[in-house]
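Content type compact mmCIF, C-alpha atoms, from the file upload07.txt:
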# COMPACT_ATOMS: atom_id res chain seq x y z
CA MET K 15 -0.89 -54.96 -12.73
CA ALA K 16 -1.38 -55.00 -8.98
CA GLY K 17 -3.91 -52.57 -7.63
CA GLN K 18 -5.42 -51.84 -11.05
CA ASP K 19 -8.78 -53.36 -10.06
CA PHE K 20 -8.87 -51.29 -6.88
CA LEU K 21 -8.06 -48.14 -8.87
CA ASP K 22 -10.83 -48.90 -11.40
CA ILE K 23 -13.41 -49.34 -8.62
CA ALA K 24 -12.15 -46.14 -6.93
CA VAL K 25 -12.54 -44.23 -10.21
CA GLN K 26 -16.14 -45.42 -10.59
CA ILE K 27 -16.98 -44.42 -6.99
CA ALA K 28 -15.25 -41.06 -7.44
CA PHE K 29 -17.33 -40.36 -10.57
CA VAL K 30 -20.54 -41.08 -8.65
CA LEU K 31 -19.51 -38.88 -5.70
CA LEU K 32 -18.42 -36.02 -7.98
CA CYS K 33 -21.70 -36.22 -9.93
CA LEU K 34 -23.66 -36.03 -6.66
CA SER K 35 -21.68 -33.03 -5.43
CA PHE K 36 -22.11 -31.35 -8.84
CA LEU K 37 -25.89 -31.81 -8.58
CA LEU K 38 -26.07 -30.50 -5.00
CA THR K 39 -23.98 -27.45 -5.93
CA VAL K 40 -26.20 -26.72 -8.95
CA LEU K 41 -29.18 -26.93 -6.57
CA ARG K 42 -27.56 -24.19 -4.47
CA VAL K 43 -27.02 -22.06 -7.58
CA VAL K 44 -30.72 -22.38 -8.41
CA ARG K 45 -32.00 -21.89 -4.86
CA GLY K 46 -29.37 -19.48 -3.51
CA PRO K 47 -31.35 -16.66 -1.94
CA THR K 48 -28.74 -13.95 -2.60
CA LEU K 49 -26.26 -13.13 -5.34
CA PRO K 50 -23.10 -13.95 -3.29
CA ASP K 51 -24.53 -17.42 -2.57
CA ARG K 52 -24.77 -18.07 -6.28
CA ILE K 53 -21.26 -16.73 -6.89
CA LEU K 54 -19.90 -19.01 -4.16
CA ALA K 55 -21.69 -22.01 -5.65
CA LEU K 56 -20.30 -21.20 -9.11
CA ASP K 57 -16.82 -21.03 -7.60
CA MET K 58 -17.42 -24.44 -6.07
CA LEU K 59 -18.62 -25.75 -9.46
CA VAL K 60 -15.24 -24.82 -10.95
CA GLY K 61 -13.53 -26.86 -8.22
CA VAL K 62 -15.73 -29.88 -8.89
CA GLY K 63 -15.06 -29.48 -12.63
CA ILE K 64 -11.31 -29.59 -12.00
CA GLY K 65 -11.85 -32.76 -9.98
CA PHE K 66 -13.80 -34.25 -12.91
CA ILE K 67 -11.00 -33.43 -15.37
CA ALA K 68 -8.37 -34.98 -13.11
CA VAL K 69 -10.38 -38.18 -12.55
CA THR K 70 -11.08 -38.47 -16.30
CA GLY K 71 -7.36 -38.08 -17.02
CA LEU K 72 -6.55 -40.72 -14.44
CA ALA K 73 -9.13 -43.17 -15.79
CA SER K 74 -8.38 -42.80 -19.50
CA GLY K 75 -4.67 -42.04 -19.45
CA VAL K 76 -5.26 -38.97 -21.63
CA THR K 77 -3.50 -36.45 -19.44
CA PHE K 78 -3.15 -33.35 -21.58
CA ASN K 79 -6.40 -32.22 -19.93
CA VAL K 80 -4.39 -31.00 -16.93
CA ASP K 81 -3.63 -27.80 -18.85
CA ILE K 82 -7.34 -27.28 -19.29
CA ALA K 83 -7.83 -27.80 -15.53
CA ILE K 84 -5.26 -25.11 -14.72
CA ALA K 85 -6.83 -22.69 -17.21
CA LEU K 86 -10.26 -23.43 -15.73
CA GLY K 87 -8.92 -22.63 -12.27
CA LEU K 88 -7.56 -19.30 -13.54
CA VAL K 89 -10.88 -18.40 -15.18
CA GLY K 90 -12.80 -19.33 -12.03
CA PHE K 91 -10.51 -17.16 -9.87
CA LEU K 92 -10.87 -14.13 -12.16
CA ALA K 93 -14.64 -14.64 -12.43
CA THR K 94 -15.06 -14.75 -8.65
CA ILE K 95 -13.02 -11.56 -8.23
CA ALA K 96 -15.00 -9.79 -10.95
CA PHE K 97 -18.26 -10.93 -9.37
CA ALA K 98 -17.13 -9.72 -5.94
CA ARG K 99 -16.48 -6.27 -7.42
CA PHE K 100 -19.87 -6.46 -9.10
CA VAL K 101 -21.57 -7.21 -5.75
CA LEU K 102 -19.91 -4.18 -4.17
CA VAL K 103 -20.64 -1.73 -7.02
CA HIS K 104 -24.17 -3.06 -7.39
CA SER K 105 -24.95 -2.51 -3.69
CA LYS K 106 -23.81 1.12 -3.99
CA LYS K 107 -26.43 1.79 -6.63
CA GLY K 108 -29.08 0.31 -4.34
CA ASP K 109 -30.87 -1.76 -6.97
CA ASP K 110 -30.51 -5.14 -5.28
CA PRO K 111 -34.09 -6.00 -4.25
CA GLN K 112 -33.08 -8.64 -1.71
CA LEU K 113 -30.78 -6.24 0.07
CA GLN K 114 -33.53 -3.59 0.20
CA VAL K 115 -35.94 -6.01 1.88
CA LYS K 116 -33.33 -6.96 4.42
CA LYS K 117 -32.47 -3.35 5.23
CA LYS K 118 -36.10 -2.41 5.96
CA THR K 119 -36.52 -5.10 8.61
CA MET T 6 5.96 -52.76 -6.81
CA ILE T 7 6.10 -49.07 -7.62
CA ASP T 8 3.13 -49.50 -9.96
CA ALA T 9 1.06 -51.11 -7.21
CA LEU T 10 2.02 -48.36 -4.78
CA GLN T 11 1.07 -45.69 -7.36
CA ASN T 12 -2.28 -47.36 -8.00
CA TYR T 13 -3.22 -47.76 -4.33
CA LEU T 14 -2.11 -44.21 -3.43
CA ALA T 15 -3.98 -42.70 -6.39
CA ALA T 16 -7.13 -44.71 -5.53
CA VAL T 17 -7.09 -43.57 -1.91
CA LEU T 18 -6.44 -39.96 -2.94
CA ILE T 19 -9.30 -39.78 -5.45
CA LEU T 20 -11.69 -41.42 -2.98
CA ALA T 21 -10.69 -38.88 -0.32
CA GLY T 22 -10.88 -35.98 -2.77
CA SER T 23 -14.31 -36.81 -4.14
CA GLY T 24 -15.54 -37.48 -0.59
CA PHE T 25 -14.36 -34.02 0.44
CA ALA T 26 -16.05 -32.48 -2.61
CA LEU T 27 -19.33 -34.19 -1.69
CA THR T 28 -18.99 -33.02 1.92
CA ALA T 29 -18.40 -29.46 0.73
CA SER T 30 -21.47 -29.49 -1.50
CA ILE T 31 -23.65 -30.92 1.30
CA GLY T 32 -22.36 -28.13 3.53
CA LEU T 33 -23.10 -25.61 0.78
CA LEU T 34 -26.67 -26.86 0.69
CA ARG T 35 -27.32 -27.30 4.40
CA LEU T 36 -25.59 -24.40 6.19
CA PRO T 37 -27.72 -21.37 7.05
CA ASP T 38 -26.03 -18.26 5.61
CA LEU T 39 -23.42 -17.10 3.11
CA TYR T 40 -20.50 -16.90 5.53
CA THR T 41 -20.94 -20.40 6.96
CA ARG T 42 -21.46 -21.78 3.46
CA MET T 43 -18.23 -20.12 2.42
CA HIS T 44 -16.54 -21.94 5.29
CA ALA T 45 -17.65 -25.25 3.77
CA ALA T 46 -17.05 -24.49 0.10
CA SER T 47 -13.68 -22.78 0.23
CA LYS T 48 -11.96 -25.22 2.61
CA ALA T 49 -13.40 -28.66 1.91
CA GLY T 50 -13.94 -27.92 -1.79
CA THR T 51 -10.33 -26.81 -2.29
CA LEU T 52 -9.03 -29.83 -0.41
CA GLY T 53 -11.17 -32.09 -2.60
CA SER T 54 -9.93 -30.81 -5.94
CA CYS T 55 -6.32 -30.61 -4.67
CA ALA T 56 -6.43 -34.25 -3.52
CA VAL T 57 -7.73 -35.41 -6.92
CA LEU T 58 -5.01 -33.42 -8.73
CA LEU T 59 -2.43 -34.96 -6.39
CA ALA T 60 -3.75 -38.41 -7.31
CA LEU T 61 -3.17 -37.57 -10.97
CA ALA T 62 0.36 -36.36 -10.13
CA VAL T 63 1.10 -39.60 -8.28
CA HIS T 64 -0.35 -41.84 -10.97
CA ALA T 65 1.17 -40.21 -14.08
CA ASP T 66 4.36 -41.80 -15.37
CA ASP T 67 5.48 -38.69 -17.23
CA PRO T 68 7.19 -36.17 -14.88
CA ALA T 69 5.89 -33.28 -17.01
CA ILE T 70 2.29 -34.27 -16.26
CA SER T 71 3.07 -34.71 -12.56
CA LEU T 72 4.70 -31.30 -12.38
CA ARG T 73 1.78 -29.70 -14.16
CA ALA T 74 -0.68 -31.27 -11.75
CA LEU T 75 1.43 -30.09 -8.79
CA ALA T 76 1.53 -26.59 -10.29
CA GLY T 77 -2.27 -26.74 -10.46
CA VAL T 78 -2.42 -27.68 -6.77
CA VAL T 79 -0.14 -24.78 -5.78
CA PHE T 80 -2.08 -22.36 -7.97
CA PHE T 81 -5.38 -23.50 -6.48
CA LEU T 82 -4.08 -23.23 -2.91
CA LEU T 83 -2.88 -19.67 -3.66
CA THR T 84 -5.98 -18.32 -5.40
CA VAL T 85 -8.94 -19.79 -3.51
CA PRO T 86 -8.25 -18.02 -0.17
CA ILE T 87 -7.85 -14.70 -2.01
CA SER T 88 -11.06 -14.98 -4.00
CA SER T 89 -13.20 -16.23 -1.13
CA HIS T 90 -11.84 -13.60 1.25
CA LEU T 91 -12.59 -10.89 -1.31
CA LEU T 92 -16.10 -12.26 -1.86
CA ALA T 93 -16.75 -12.33 1.91
CA ARG T 94 -15.51 -8.74 2.31
CA ALA T 95 -17.61 -7.60 -0.65
CA ALA T 96 -20.76 -9.30 0.67
CA HIS T 97 -20.17 -7.89 4.15
CA GLY T 98 -19.56 -4.43 2.74
CA ALA T 99 -22.64 -4.69 0.54
CA GLY T 100 -24.72 -5.28 3.66
CA HIS T 101 -25.55 -8.95 3.51
CA ARG T 102 -26.41 -9.88 7.07
CA LEU T 103 -25.04 -12.76 9.08
CA TRP T 104 -27.28 -15.58 10.24
CA GLU T 105 -29.54 -14.41 13.05
CA HIS T 106 -28.01 -16.90 15.50
CA SER T 107 -24.44 -15.79 14.73
CA GLU T 108 -22.88 -14.43 17.88
CA ARG T 109 -19.87 -12.39 16.78
CA ASP T 110 -19.19 -10.03 13.90
CA ASP T 111 -15.60 -8.97 14.42
CA LEU T 112 -15.34 -7.11 11.12
CA LYS T 113 -18.36 -4.95 12.00
CA THR T 114 -16.88 -4.17 15.42
CA MET T 115 -13.56 -3.17 13.86
CA LEU T 116 -15.32 -1.01 11.26
CA GLU T 117 -17.33 0.74 13.98
CA GLN T 118 -14.22 1.46 16.02
CA ASN T 119 -12.63 2.79 12.82
CA ASP T 120 -9.62 0.55 13.37
CA SER T 121 -6.72 2.00 11.38
CA THR T 122 -5.00 -1.40 11.08
CA LEU T 123 -7.91 -2.64 8.98
CA PRO T 124 -7.18 -2.50 5.26
CA ARG T 125 -9.86 -0.51 3.50
CA LEU T 126 -11.70 -2.00 0.60
CA ASP T 127 -12.29 1.10 -1.47
CA LEU T 128 -13.85 -0.43 -4.54
CA ARG T 129 -16.95 1.66 -3.87
CA GLN T 130 -15.19 4.88 -4.71
CA SER T 131 -14.04 3.56 -8.05
CA ARG T 132 -16.05 4.17 -11.18
CA PRO T 133 -18.81 1.72 -12.03
CA ILE T 134 -18.01 -0.74 -14.77
Target format structure tokens, applied to this file:
Amino acid sequence: MAGQDFLDIAVQIAFVLLCLSFLLTVLRVVRGPTLPDRILALDMLVGVGIGFIAVTGLASGVTFNVDIAIALGLVGFLATIAFARFVLVHSKKGDDPQLQVKKKT
Amino acid sequence: MIDALQNYLAAVLILAGSGFALTASIGLLRLPDLYTRMHAASKAGTLGSCAVLLALAVHADDPAISLRALAGVVFFLLTVPISSHLLARAAHGAGHRLWEHSERDDLKTMLEQNDSTLPRLDLRQSRPI
């Protein structure tokens, strides 16, 4: 089939690029100086995961994974909202050490 | 003919999508503070995963799969702005500072002027979890 070779090469390159971006995002989760940085990086990880699922479905032809991608997107959305509420409630109690240091300066 | 077109379009879309995802993660790693990082992650990251889902929608022969992938794109485009906006408001309200070289903080100015058009985020008054 025409273009199949090009698509195969594109899938390989896309896997490499997605792996690299996954690694860099995990590095931000580990390093992230504050809690919202980590939450943002986790949100980004969900996006990269959805990209992985779509590329896998495209490469293998097993496409029922799209449902899993949509469910993963829903879970990521709810998790980010819950974490945002957590950040706000947590700051009210005043037990975030990083925030305390920043407020003193 | 249609097969070739589907293959080329899907290949270009997944290359673009994974490139955008890589750009977003580099921005997430390199930019100086939470708000600029959010600028990278929520725009380029969303565009990346949406482009890859679109590639799947273009490539799939079954219309049900294509429609599901398109529904995923729409869902993603609807939810990501909401969640990142809420996270930015929560971080700003919690007192996370902007980068020291940032020049404008419009939200802080509006809060100081007690602007009544500003929607209040009153999660603080609610009971702790």
Requested in this report: Provide as a VMD selection string the residues of chain K at most 6 Å from chain T, counting all atoms listed in the file.
Outcome: chain K and resid 16 to 17 21 24 28 31 to 32 35 38 to 39 42 51 61 65 68 72 84 95 98 102 to 103 105
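Atom to atom, atom CA of Phe36 of chain K and atom CA of Asp57 of chain K stand 11.7 Å apart.
Straight-line separation from atom CA of Ser107 of chain T to atom CA of Val44 of chain K: 24.9 Å.
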Query raised in the report: Which neighbours of Gly71 of chain K fall inside 8 Å, counting only C-alpha atoms, when residues of the same chain fewer than 5 positions from it are skipped, and could you give them as a list in words?
Result: Val76, Thr77, Phe78, Asn79 and Val80 of chain K; Leu61 of chain T
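Here atom CA of Ala96 of chain K and atom CA of Val60 of chain K stand 15.0 Å from one another.
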Using all atoms of segment 104-108 of chain T that appear in the file, construct an axis-aligned enclosing box with 4 Å of padding on every side and provide its centre coordinates and edge lengths in Å, rounded to one decimal, as JSON.
{"center_x": -26.2, "center_y": -15.7, "center_z": 14.1, "size_x": 14.7, "size_y": 10.5, "size_z": 15.6}
**Report entry** Nearest to Pro50 of chain K, chosen from K:Ile23, K:Thr94, K:Leu34, K:Phe29, with all atoms listed in the file counted in the distances
**Finding:** K:Thr94
Could you add the missing atoms to segment 24-45 of chain T, up to N, CA and C atoms, and return them as a PDB file, in the frame of the given file?
ATOM      1  N   GLY T  24     -14.768 -37.537  -1.835  1.00  0.00           N
ATOM      2  CA  GLY T  24     -15.540 -37.480  -0.590  1.00  0.00           C
ATOM      3  C   GLY T  24     -15.561 -36.073  -0.020  1.00  0.00           C
ATOM      4  N   PHE T  25     -14.404 -35.399  -0.055  1.00  0.00           N
ATOM      5  CA  PHE T  25     -14.360 -34.020   0.440  1.00  0.00           C
ATOM      6  C   PHE T  25     -15.229 -33.100  -0.406  1.00  0.00           C
ATOM      7  N   ALA T  26     -15.220 -33.318  -1.736  1.00  0.00           N
ATOM      8  CA  ALA T  26     -16.050 -32.480  -2.610  1.00  0.00           C
ATOM      9  C   ALA T  26     -17.533 -32.674  -2.286  1.00  0.00           C
ATOM     10  N   LEU T  27     -17.928 -33.927  -2.037  1.00  0.00           N
ATOM     11  CA  LEU T  27     -19.330 -34.190  -1.690  1.00  0.00           C
ATOM     12  C   LEU T  27     -19.683 -33.551  -0.353  1.00  0.00           C
ATOM     13  N   THR T  28     -18.753 -33.652   0.628  1.00  0.00           N
ATOM     14  CA  THR T  28     -18.990 -33.020   1.920  1.00  0.00           C
ATOM     15  C   THR T  28     -19.172 -31.511   1.764  1.00  0.00           C
ATOM     16  N   ALA T  29     -18.308 -30.907   0.931  1.00  0.00           N
ATOM     17  CA  ALA T  29     -18.400 -29.460   0.730  1.00  0.00           C
ATOM     18  C   ALA T  29     -19.734 -29.083   0.108  1.00  0.00           C
ATOM     19  N   SER T  30     -20.213 -29.887  -0.854  1.00  0.00           N
ATOM     20  CA  SER T  30     -21.470 -29.490  -1.500  1.00  0.00           C
ATOM     21  C   SER T  30     -22.654 -29.723  -0.569  1.00  0.00           C
ATOM     22  N   ILE T  31     -22.575 -30.748   0.307  1.00  0.00           N
ATOM     23  CA  ILE T  31     -23.650 -30.920   1.300  1.00  0.00           C
ATOM     24  C   ILE T  31     -23.655 -29.728   2.252  1.00  0.00           C
ATOM     25  N   GLY T  32     -22.443 -29.299   2.657  1.00  0.00           N
ATOM     26  CA  GLY T  32     -22.360 -28.130   3.530  1.00  0.00           C
ATOM     27  C   GLY T  32     -22.902 -26.890   2.844  1.00  0.00           C
ATOM     28  N   LEU T  33     -22.605 -26.758   1.550  1.00  0.00           N
ATOM     29  CA  LEU T  33     -23.100 -25.610   0.780  1.00  0.00           C
ATOM     30  C   LEU T  33     -24.619 -25.591   0.758  1.00  0.00           C
ATOM     31  N   LEU T  34     -25.210 -26.773   0.766  1.00  0.00           N
ATOM     32  CA  LEU T  34     -26.670 -26.860   0.690  1.00  0.00           C
ATOM     33  C   LEU T  34     -27.315 -26.711   2.059  1.00  0.00           C
ATOM     34  N   ARG T  35     -26.650 -27.171   3.127  1.00  0.00           N
ATOM     35  CA  ARG T  35     -27.320 -27.300   4.400  1.00  0.00           C
ATOM     36  C   ARG T  35     -27.070 -26.113   5.345  1.00  0.00           C
ATOM     37  N   LEU T  36     -25.935 -25.424   5.205  1.00  0.00           N
ATOM     38  CA  LEU T  36     -25.590 -24.400   6.190  1.00  0.00           C
ATOM     39  C   LEU T  36     -26.452 -23.155   5.997  1.00  0.00           C
ATOM     40  N   PRO T  37     -26.648 -22.380   7.067  1.00  0.00           N
ATOM     41  CA  PRO T  37     -27.720 -21.370   7.050  1.00  0.00           C
ATOM     42  C   PRO T  37     -27.437 -20.076   6.294  1.00  0.00           C
ATOM     43  N   ASP T  38     -26.215 -19.546   6.287  1.00  0.00           N
ATOM     44  CA  ASP T  38     -26.030 -18.260   5.610  1.00  0.00           C
ATOM     45  C   ASP T  38     -24.749 -18.257   4.783  1.00  0.00           C
ATOM     46  N   LEU T  39     -24.525 -17.169   4.071  1.00  0.00           N
ATOM     47  CA  LEU T  39     -23.420 -17.100   3.110  1.00  0.00           C
ATOM     48  C   LEU T  39     -22.077 -17.389   3.750  1.00  0.00           C
ATOM     49  N   TYR T  40     -21.844 -16.829   4.946  1.00  0.00           N
ATOM     50  CA  TYR T  40     -20.500 -16.900   5.530  1.00  0.00           C
ATOM     51  C   TYR T  40     -20.186 -18.312   6.002  1.00  0.00           C
ATOM     52  N   THR T  41     -21.186 -19.013   6.559  1.00  0.00           N
ATOM     53  CA  THR T  41     -20.940 -20.400   6.960  1.00  0.00           C
ATOM     54  C   THR T  41     -20.823 -21.305   5.741  1.00  0.00           C
ATOM     55  N   ARG T  42     -21.590 -20.998   4.688  1.00  0.00           N
ATOM     56  CA  ARG T  42     -21.460 -21.780   3.460  1.00  0.00           C
ATOM     57  C   ARG T  42     -20.084 -21.621   2.851  1.00  0.00           C
ATOM     58  N   MET T  43     -19.568 -20.382   2.943  1.00  0.00           N
ATOM     59  CA  MET T  43     -18.230 -20.120   2.420  1.00  0.00           C
ATOM     60  C   MET T  43     -17.188 -20.933   3.159  1.00  0.00           C
ATOM     61  N   HIS T  44     -17.423 -21.114   4.460  1.00  0.00           N
ATOM     62  CA  HIS T  44     -16.540 -21.940   5.290  1.00  0.00           C
ATOM     63  C   HIS T  44     -16.487 -23.360   4.736  1.00  0.00           C
ATOM     64  N   ALA T  45     -17.639 -23.891   4.312  1.00  0.00           N
ATOM     65  CA  ALA T  45     -17.650 -25.250   3.770  1.00  0.00           C
ATOM     66  C   ALA T  45     -17.004 -25.283   2.376  1.00  0.00           C
TER      67      ALA T  45
END
